[in-house]
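Written below as structure tokens is the structure these notes are about.
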Amino acid sequence: MKRLRALLCGAATAALATAGLAAFAAQQASGASADATALSNRWYAAAPYLMPHDNNPPDAGAIMDATGLKAFQLAFILAPNGGGCSPTWDGTSPVSSDTAVASVISAIRAKGGDVSVSIGGYGGTKLGQTCSDAASTAAAYQQVITKYQLKAIDFDLEEPEYENTAAIAHEIGAAKILQQNNPGLYVSVTTAGTADGTGWFGKQMLNEAKSQGFTPNNFSIMPFDGGFNGASAQTSALTNFNSILQSTFGWDAATAYAHEGFSGMNGRSDTGEYFRQADFQTVLDYATSHHMDRFTFWSLNRDRQCSPPDNNGQTSGTCSSVTQSDWDFAKYSVKFAGVTPPTTTPPTTPPPSGSCTAAAWSNSAVYTAGNTVSYGGHTWKAKWWTQNETPGTTGEWGVWQDLGAC
């Protein structure tokens, strides 16, 4: 999300390429509403980033239909390019007069989904830098929450803002105020990742949160653009970041993981690292097995194949530079949310009544997606990697799909 965004986020495209926007605009003009119905926090935790103004924005509805995805992380809210303490999209489009992004949100909500909005990012001037204090920063962000009836918000705090002590104090203070004034608001804080977990400025941001008594739903790191090489380097960074959270806040490992998130980059990164589908699966397995709070990535605009597939060894804002089918990476977010994406293969048929033909579930065995077991007189199918998670204990969001009584 770093250098690529600085290079590519400045050239806004005129069209918001979302199917059905004209219909929803007409619906709004006629007085129909698309009120926000909150999803579970797990969906906001799984929402991939989508730029509605830049990088050839894809059709959110088509992604929902193809993958089962319900939540999107819309990016980015910035200060006006000319200065001031009022929220804009990408520094150029005032939130107060926006209709284009509102139409995108209405289209998503009409299909049963919802959005979170992300603040900051790598490029542009942030409100924490231009507003005079935490209260005025929070007031600017409250305009965004109120306008779009938001149930979730993301503070993406990275270079160069997180090198500004006063700006970070404003951002963290604003996040705390918003959390207090909007009960139930899901708040994530995203920052740079390093091999050690996060760097000096990331640690100072955590210390600022501690000093203000602020605890978001999660602190997420971005383990890419820092000499990472595939999933093993990323999971190592997540382990190290967990130790930083423990030492900063006095948490045990389980509590730290429950407040930890991953924000990856699909395909080729800005610095030439590669994160393919298998890497995402490995990190997803790590995140779910450690009961982490968030799994997201930058970005849906890139979740499609380039032409040629390797994009001649270049990084793009509109495709991944790896071989893939459209929305391959979005499906990992859906898995994290606990919902199996639609499939073209027939569903598994439960065994005949009277006996369980699948092997009995074992708390020591490792199961992967598609494995079946018997437990409690029912047959269960694993949705993803799991170990020592009892079938039926976590309902529809759990790893096990109930195929019915044996």
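Labels used: A, B, ... for chains in the order of the structure tokens, numbers from 1 for residues in each chain, and numbers from 1 for ligands as shown.
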
Close residues, Ala209 of chain A itself excluded, 10 Å, only C-alpha atoms, min 2 positions apart in chain, as a PyMOL selection string: chain A and resi 168-169+171-173+175-176+203-207+211-216+248-249

Shell of 9 Å around segment 129-146 of chain A, only C-alpha atoms, local chain residues under 2 positions omitted, as a count of residues only: 36

Test item: residues at most 6 Å from segment 353-370 of chain A, only C-alpha atoms, excluding those fewer than 4 positions along its chain, as JSON, numbers by chain: {"A": [374, 375, 381, 382, 383, 384, 385, 386, 387, 388, 406]}

Quick one: write out the picked residues with N, CA and C atoms as a PDB file, in the first residue's frame?
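Ended up saving to selection13.pdb:
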ATOM      1  N   SER A 374     -16.912 -37.093  11.467  1.00  0.00           N
ATOM      2  CA  SER A 374     -18.175 -37.290  12.179  1.00  0.00           C
ATOM      3  C   SER A 374     -17.990 -36.878  13.628  1.00  0.00           C
ATOM      4  N   TYR A 375     -19.043 -36.241  14.173  1.00  0.00           N
ATOM      5  CA  TYR A 375     -18.998 -35.796  15.563  1.00  0.00           C
ATOM      6  C   TYR A 375     -20.419 -35.522  16.030  1.00  0.00           C
ATOM      7  N   LYS A 381     -17.912 -30.782   7.504  1.00  0.00           N
ATOM      8  CA  LYS A 381     -16.887 -30.526   6.493  1.00  0.00           C
ATOM      9  C   LYS A 381     -16.095 -29.286   6.877  1.00  0.00           C
ATOM     10  N   ALA A 382     -14.746 -29.365   6.826  1.00  0.00           N
ATOM     11  CA  ALA A 382     -13.881 -28.227   7.153  1.00  0.00           C
ATOM     12  C   ALA A 382     -13.912 -27.199   6.027  1.00  0.00           C
ATOM     13  N   LYS A 383     -14.021 -25.926   6.405  1.00  0.00           N
ATOM     14  CA  LYS A 383     -14.012 -24.846   5.422  1.00  0.00           C
ATOM     15  C   LYS A 383     -12.591 -24.376   5.113  1.00  0.00           C
ATOM     16  N   TRP A 384     -11.692 -24.552   6.083  1.00  0.00           N
ATOM     17  CA  TRP A 384     -10.288 -24.170   5.902  1.00  0.00           C
ATOM     18  C   TRP A 384      -9.453 -24.951   6.902  1.00  0.00           C
ATOM     19  N   TRP A 385      -8.172 -24.662   6.984  1.00  0.00           N
ATOM     20  CA  TRP A 385      -7.257 -25.358   7.881  1.00  0.00           C
ATOM     21  C   TRP A 385      -7.720 -25.210   9.320  1.00  0.00           C
ATOM     22  N   THR A 386      -7.642 -26.318  10.078  1.00  0.00           N
ATOM     23  CA  THR A 386      -8.042 -26.253  11.476  1.00  0.00           C
ATOM     24  C   THR A 386      -7.381 -27.363  12.276  1.00  0.00           C
ATOM     25  N   GLN A 387      -7.245 -27.109  13.549  1.00  0.00           N
ATOM     26  CA  GLN A 387      -6.798 -28.115  14.502  1.00  0.00           C
ATOM     27  C   GLN A 387      -7.390 -27.781  15.859  1.00  0.00           C
ATOM     28  N   ASN A 388      -7.953 -28.792  16.513  1.00  0.00           N
ATOM     29  CA  ASN A 388      -8.491 -28.658  17.870  1.00  0.00           C
ATOM     30  C   ASN A 388      -9.610 -27.632  17.965  1.00  0.00           C
ATOM     31  N   CYS A 406     -26.068 -38.080  10.653  1.00  0.00           N
ATOM     32  CA  CYS A 406     -25.686 -39.339   9.988  1.00  0.00           C
ATOM     33  C   CYS A 406     -26.877 -40.294  10.000  1.00  0.00           C
TER      34      CYS A 406
END

Asp326 of chain A environment, 8 Å, only C-alpha atoms, sequence neighbours closer than 5 positions dropped, as a ChimeraX atom specification: /A:303-305

Contacts of Glu273 of chain A within 8 Å, only C-alpha atoms, excl. fewer than 6 positions in-chain, as JSON, numbers by chain: {"A": [224, 225, 227, 228, 229, 230]}

Selection to disk with C-alpha atoms, as a CSV table (one decimal), in the first residue's frame:
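Final file, result34.csv:
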chain,number,residue,atom,x,y,z
A,224,PHE,CA,5.4,-6.1,2.4
A,225,ASP,CA,7.7,-3.6,0.7
A,227,GLY,CA,12.4,-7.2,2.1
A,228,PHE,CA,9.7,-9.9,2.6
A,229,ASN,CA,9.9,-13.1,0.6
A,230,GLY,CA,6.6,-15.0,0.6

Residues near Thr191 of chain A, cut-off 12 Å, only C-alpha atoms, skip fewer than 6 positions along chain, as an MDAnalysis selection string: chainID A and resid 1:2 119:122 154:163 168 197:206 218:224 241 260:264

Selected residue, from A:Gln179, A:Ser325, A:Thr235, A:Asn311, that lies nearest to Phe280 of chain A when counting only C-alpha atoms: A:Thr235
